[in-house]
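Okay, input.json is below, JSON, C-alpha atoms:
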```
[["chain", "number", "residue", "atom", "x", "y", "z"],
["A", 1, "MET", "CA", 0.00, 0.00, 0.00],
["A", 2, "THR", "CA", 1.37, 3.41, -0.99],
["A", 3, "GLN", "CA", 0.93, 6.77, 0.71],
["A", 4, "ASN", "CA", -1.48, 7.90, -2.03],
["A", 5, "MET", "CA", -4.06, 5.33, -1.03],
["A", 6, "ARG", "CA", -7.31, 6.09, 0.76],
["A", 7, "LEU", "CA", -10.22, 3.98, 1.93],
["A", 8, "TYR", "CA", -13.06, 3.54, -0.60],
["A", 9, "GLY", "CA", -16.42, 1.83, -0.68],
["A", 10, "LEU", "CA", -16.81, -0.09, -3.92],
["A", 11, "ARG", "CA", -20.44, -0.93, -4.67],
["A", 12, "GLY", "CA", -22.17, -3.33, -6.96],
["A", 13, "ALA", "CA", -25.32, -5.34, -7.47],
["A", 14, "VAL", "CA", -26.66, -8.15, -9.61],
["A", 15, "CYS", "CA", -30.03, -9.82, -10.04],
["A", 16, "CYS", "CA", -30.34, -13.60, -10.07],
["A", 17, "THR", "CA", -32.43, -15.38, -12.66],
["A", 18, "GLU", "CA", -33.79, -17.75, -10.00],
["A", 19, "ASN", "CA", -33.31, -18.87, -6.41],
["A", 20, "THR", "CA", -30.91, -21.76, -6.98],
["A", 21, "LYS", "CA", -27.36, -22.42, -5.85],
["A", 22, "GLN", "CA", -26.20, -22.42, -9.46],
["A", 23, "ALA", "CA", -27.88, -19.10, -10.31],
["A", 24, "ILE", "CA", -26.52, -17.38, -7.19],
["A", 25, "GLN", "CA", -23.02, -18.80, -7.78],
["A", 26, "GLN", "CA", -23.05, -17.61, -11.38],
["A", 27, "ALA", "CA", -24.38, -14.13, -10.52],
["A", 28, "VAL", "CA", -21.86, -13.58, -7.70],
["A", 29, "SER", "CA", -18.95, -14.89, -9.79],
["A", 30, "GLU", "CA", -19.79, -12.68, -12.78],
["A", 31, "LEU", "CA", -20.23, -9.60, -10.57],
["A", 32, "ALA", "CA", -16.98, -10.26, -8.69],
["A", 33, "VAL", "CA", -14.96, -10.83, -11.86],
["A", 34, "LYS", "CA", -16.23, -7.52, -13.32],
["A", 35, "LEU", "CA", -15.59, -5.63, -10.08],
["A", 36, "PHE", "CA", -12.02, -6.89, -9.76],
["A", 37, "LYS", "CA", -11.28, -6.52, -13.47],
["A", 38, "LEU", "CA", -12.28, -2.84, -13.41],
["A", 39, "ASN", "CA", -10.66, -2.11, -10.04],
["A", 40, "THR", "CA", -7.05, -3.11, -9.44],
["A", 41, "TYR", "CA", -7.09, -4.30, -5.84],
["A", 42, "THR", "CA", -4.65, -6.71, -4.29],
["A", 43, "PRO", "CA", -5.61, -8.96, -1.37],
["A", 44, "GLU", "CA", -3.75, -6.58, 0.95],
["A", 45, "ASP", "CA", -5.94, -3.65, -0.19],
["A", 46, "ILE", "CA", -9.26, -5.28, 0.69],
["A", 47, "VAL", "CA", -10.54, -4.72, 4.23],
["A", 48, "SER", "CA", -13.95, -6.40, 4.09],
["A", 49, "ILE", "CA", -16.79, -7.41, 1.83],
["A", 50, "GLN", "CA", -20.42, -7.17, 2.85],
["A", 51, "PHE", "CA", -23.30, -8.63, 0.87],
["A", 52, "THR", "CA", -27.00, -8.09, 1.22],
["A", 53, "ILE", "CA", -29.62, -10.26, -0.43],
["A", 54, "THR", "CA", -33.33, -9.87, -0.88],
["A", 55, "GLU", "CA", -35.41, -12.24, 1.21],
["A", 56, "ASP", "CA", -36.41, -14.29, -1.86],
["A", 57, "LEU", "CA", -32.83, -15.61, -2.24],
["A", 58, "THR", "CA", -32.32, -18.49, 0.16],
["A", 59, "ALA", "CA", -30.44, -21.18, -1.79],
["A", 60, "LEU", "CA", -26.84, -19.97, -1.20],
["A", 61, "ASN", "CA", -25.03, -17.33, 0.83],
["A", 62, "PRO", "CA", -23.23, -14.96, -1.58],
["A", 63, "ALA", "CA", -20.15, -14.94, 0.67],
["A", 64, "ALA", "CA", -19.90, -18.72, 0.24],
["A", 65, "ALA", "CA", -20.35, -18.25, -3.51],
["A", 66, "LEU", "CA", -17.53, -15.69, -3.57],
["A", 67, "ARG", "CA", -15.20, -18.18, -1.89],
["A", 68, "LYS", "CA", -15.80, -20.52, -4.87],
["A", 69, "SER", "CA", -15.53, -17.83, -7.56],
["A", 70, "PRO", "CA", -12.66, -17.15, -9.97],
["A", 71, "VAL", "CA", -11.50, -14.30, -7.69],
["A", 72, "ALA", "CA", -11.47, -16.38, -4.49],
["A", 73, "ALA", "CA", -7.70, -15.93, -4.08],
["A", 74, "LEU", "CA", -8.15, -12.15, -3.88],
["A", 75, "VAL", "CA", -10.58, -12.39, -0.97],
["A", 76, "SER", "CA", -9.22, -15.35, 0.99],
["A", 77, "THR", "CA", -7.92, -13.21, 3.87],
["A", 78, "CYS", "CA", -10.59, -10.53, 4.19],
["A", 79, "ALA", "CA", -13.72, -10.54, 6.30],
["A", 80, "LEU", "CA", -16.89, -11.57, 4.45],
["A", 81, "PHE", "CA", -20.39, -10.94, 5.75],
["A", 82, "CYS", "CA", -23.95, -11.29, 4.45],
["A", 83, "SER", "CA", -27.30, -9.98, 5.67],
["A", 84, "THR", "CA", -30.84, -9.79, 4.34],
["A", 85, "GLU", "CA", -32.15, -6.59, 2.78],
["A", 86, "PRO", "CA", -35.18, -5.16, 4.55],
["A", 87, "PRO", "CA", -38.31, -5.90, 2.53],
["A", 88, "ILE", "CA", -39.28, -2.68, 0.73],
["A", 89, "ASP", "CA", -42.49, -2.21, -1.25],
["A", 90, "GLY", "CA", -41.60, -2.21, -4.93],
["A", 91, "GLY", "CA", -38.03, -3.40, -4.25],
["A", 92, "LEU", "CA", -36.10, -5.21, -6.95],
["A", 93, "PRO", "CA", -36.50, -8.99, -6.46],
["A", 94, "ARG", "CA", -33.72, -11.62, -6.41],
["A", 95, "THR", "CA", -31.03, -8.98, -5.88],
["A", 96, "ILE", "CA", -27.56, -9.32, -4.39],
["A", 97, "ARG", "CA", -25.76, -6.12, -3.40],
["A", 98, "VAL", "CA", -22.12, -5.86, -2.39],
["A", 99, "LEU", "CA", -20.01, -3.28, -0.58],
["A", 100, "ILE", "CA", -16.26, -3.82, -0.77],
["A", 101, "THR", "CA", -14.20, -1.70, 1.60],
["A", 102, "ALA", "CA", -10.70, -1.35, 0.19],
["A", 103, "TYR", "CA", -7.72, 0.96, -0.07],
["A", 104, "GLY", "CA", -7.05, 2.39, -3.50],
["A", 105, "GLU", "CA", -5.28, 5.21, -5.31],
["A", 106, "GLN", "CA", -8.30, 6.28, -7.35],
["A", 107, "PRO", "CA", -12.07, 6.25, -6.97],
["A", 108, "PRO", "CA", -13.58, 2.84, -7.69],
["A", 109, "VAL", "CA", -15.64, 1.82, -10.70],
["A", 110, "HIS", "CA", -18.96, 0.49, -9.41],
["A", 111, "VAL", "CA", -20.72, -2.36, -11.22],
["A", 112, "TYR", "CA", -24.48, -2.85, -11.52],
["A", 113, "THR", "CA", -25.40, -5.68, -13.88],
["A", 114, "GLY", "CA", -27.88, -8.43, -14.65],
["A", 115, "GLY", "CA", -30.92, -6.19, -14.27],
["A", 116, "ALA", "CA", -29.63, -4.30, -11.22],
["A", 117, "GLU", "CA", -28.68, -1.30, -13.37],
["A", 118, "VAL", "CA", -32.01, 0.29, -12.44],
["A", 119, "LEU", "CA", -30.79, 0.66, -8.84],
["A", 120, "ARG", "CA", -28.07, 3.16, -9.73],
["A", 121, "PRO", "CA", -28.57, 4.64, -13.21],
["A", 122, "ASP", "CA", -26.00, 7.30, -12.29],
["A", 123, "PHE", "CA", -23.30, 4.61, -12.52],
["A", 124, "ILE", "CA", -24.40, 3.32, -15.92],
["A", 125, "HIS", "CA", -22.05, 5.71, -17.72],
["A", 126, "ASN", "CA", -19.44, 3.03, -16.96],
["A", 127, "SER", "CA", -21.50, 0.33, -18.69],
["A", 128, "SER", "CA", -19.21, 0.28, -21.72],
["A", 129, "LEU", "CA", -16.35, -0.63, -19.39],
["A", 130, "GLN", "CA", -18.35, -3.41, -17.74],
["A", 131, "ASN", "CA", -18.94, -5.58, -20.81]]
```

What would the structure in this file look like if it were written as structure tokens?
Amino acid sequence: MTQNMRLYGLRGAVCCTENTKQAIQQAVSELAVKLFKLNTYTPEDIVSIQFTITEDLTALNPAAALRKSPVAALVSTCALFCSTEPPIDGGLPRTIRVLITAYGEQPPVHVYTGGAEVLRPDFIHNSSLQN
């Protein structure tokens, strides 16, 4: 870590096609790969990762899915946590949100994908980078 680094909150979200272990694993893996491809964090930079899930996703904890994802080596030493989103009228169903707390030299690129783009349209200007 260099002196130019500061603590950032990197955000992202993805919607699952269905409430199955496979769908949750795929959604978390795709989101994590995009997040870490667009943001150059090392394992030493990452402080913690917190997930929230809507109450209609019960088949697999996203933190467990992350541990089996292609980026598992990057997160093997940081704290992972998951909680349930409060049920909100009109909320987006089958949604996984993530907040990664990490040190970086520049502001993070947030990723909203798989139908979750409607949550933060102000971040969609980065959509060309996310594909």

Please return the centre and edge lengths, in Å to one decimal, of a box with edges along x, y and z that contains all listed atoms of segment 108-112 of chain A, widened by 6 Å on every side, as JSON.
```
{"center_x": -19.0, "center_y": 0.0, "center_z": -9.6, "size_x": 22.9, "size_y": 17.7, "size_z": 15.8}
```

Might you pull out every residue within 9 Å of Cys78 of chain A, with only C-alpha atoms counted and same-chain residues fewer than 4 positions away left off, and present them as a ChimeraX atom specification?
/A:43-44,46-49,74

Contacts of segment 86-98 of chain A within 10 Å, only C-alpha atoms, excl. fewer than 3 positions in-chain, as number ranges by chain:
A: 9-19, 24, 27-28, 31-32, 49-58, 61-63, 81-83, 101, 110-112, 114-116, 118-119

Using the selection just defined, write its residues with C-alpha atoms as a PDB file, keeping the file's coordinate frame.
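Listed below is the output, selection_0.pdb:
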```pdb
ATOM      1  CA  GLY A   9     -16.420   1.830  -0.680  1.00  0.00           C
ATOM      2  CA  LEU A  10     -16.810  -0.090  -3.920  1.00  0.00           C
ATOM      3  CA  ARG A  11     -20.440  -0.930  -4.670  1.00  0.00           C
ATOM      4  CA  GLY A  12     -22.170  -3.330  -6.960  1.00  0.00           C
ATOM      5  CA  ALA A  13     -25.320  -5.340  -7.470  1.00  0.00           C
ATOM      6  CA  VAL A  14     -26.660  -8.150  -9.610  1.00  0.00           C
ATOM      7  CA  CYS A  15     -30.030  -9.820 -10.040  1.00  0.00           C
ATOM      8  CA  CYS A  16     -30.340 -13.600 -10.070  1.00  0.00           C
ATOM      9  CA  THR A  17     -32.430 -15.380 -12.660  1.00  0.00           C
ATOM     10  CA  GLU A  18     -33.790 -17.750 -10.000  1.00  0.00           C
ATOM     11  CA  ASN A  19     -33.310 -18.870  -6.410  1.00  0.00           C
ATOM     12  CA  ILE A  24     -26.520 -17.380  -7.190  1.00  0.00           C
ATOM     13  CA  ALA A  27     -24.380 -14.130 -10.520  1.00  0.00           C
ATOM     14  CA  VAL A  28     -21.860 -13.580  -7.700  1.00  0.00           C
ATOM     15  CA  LEU A  31     -20.230  -9.600 -10.570  1.00  0.00           C
ATOM     16  CA  ALA A  32     -16.980 -10.260  -8.690  1.00  0.00           C
ATOM     17  CA  ILE A  49     -16.790  -7.410   1.830  1.00  0.00           C
ATOM     18  CA  GLN A  50     -20.420  -7.170   2.850  1.00  0.00           C
ATOM     19  CA  PHE A  51     -23.300  -8.630   0.870  1.00  0.00           C
ATOM     20  CA  THR A  52     -27.000  -8.090   1.220  1.00  0.00           C
ATOM     21  CA  ILE A  53     -29.620 -10.260  -0.430  1.00  0.00           C
ATOM     22  CA  THR A  54     -33.330  -9.870  -0.880  1.00  0.00           C
ATOM     23  CA  GLU A  55     -35.410 -12.240   1.210  1.00  0.00           C
ATOM     24  CA  ASP A  56     -36.410 -14.290  -1.860  1.00  0.00           C
ATOM     25  CA  LEU A  57     -32.830 -15.610  -2.240  1.00  0.00           C
ATOM     26  CA  THR A  58     -32.320 -18.490   0.160  1.00  0.00           C
ATOM     27  CA  ASN A  61     -25.030 -17.330   0.830  1.00  0.00           C
ATOM     28  CA  PRO A  62     -23.230 -14.960  -1.580  1.00  0.00           C
ATOM     29  CA  ALA A  63     -20.150 -14.940   0.670  1.00  0.00           C
ATOM     30  CA  PHE A  81     -20.390 -10.940   5.750  1.00  0.00           C
ATOM     31  CA  CYS A  82     -23.950 -11.290   4.450  1.00  0.00           C
ATOM     32  CA  SER A  83     -27.300  -9.980   5.670  1.00  0.00           C
ATOM     33  CA  THR A 101     -14.200  -1.700   1.600  1.00  0.00           C
ATOM     34  CA  HIS A 110     -18.960   0.490  -9.410  1.00  0.00           C
ATOM     35  CA  VAL A 111     -20.720  -2.360 -11.220  1.00  0.00           C
ATOM     36  CA  TYR A 112     -24.480  -2.850 -11.520  1.00  0.00           C
ATOM     37  CA  GLY A 114     -27.880  -8.430 -14.650  1.00  0.00           C
ATOM     38  CA  GLY A 115     -30.920  -6.190 -14.270  1.00  0.00           C
ATOM     39  CA  ALA A 116     -29.630  -4.300 -11.220  1.00  0.00           C
ATOM     40  CA  VAL A 118     -32.010   0.290 -12.440  1.00  0.00           C
ATOM     41  CA  LEU A 119     -30.790   0.660  -8.840  1.00  0.00           C
TER      42      LEU A 119
END
```

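Across the structure, atom CA of Thr113 of chain A and atom CA of Leu35 of chain A are spaced 10.5 Å apart.
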
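The residue that comes closest to Val109 of chain A, out of A:Thr84, A:Thr20, A:Phe36, A:Ser76 and on the basis of all atoms listed in the file, is A:Phe36.
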
Option closest in space to Ala64 of chain A, from A:Glu105, A:Glu30, A:Lys21, A:Asp45 [counting all atoms listed in the file]
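Closest candidate: A:Lys21.
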
Quick check, in Å to one decimal: how far apart do atom CA of Tyr41 of chain A and atom CA of Ala59 of chain A lie?
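Going from atom CA of Tyr41 of chain A over to atom CA of Ala59 of chain A covers 29.1 Å.
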
Provide the atom CA of Gln25 of chain A to atom CA of Ala73 of chain A distance in Å, to one decimal place.
16.0 Å

Proximity to Ala79 of chain A - best of A:Leu99, A:Gln3, A:Lys34, A:Ser29, all atoms listed in the file
A:Leu99

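Counting all atoms listed in the file and comparing A:Tyr103, A:Thr42, A:Leu60, A:Pro121, the residue that lies closest to Val75 of chain A is A:Thr42.
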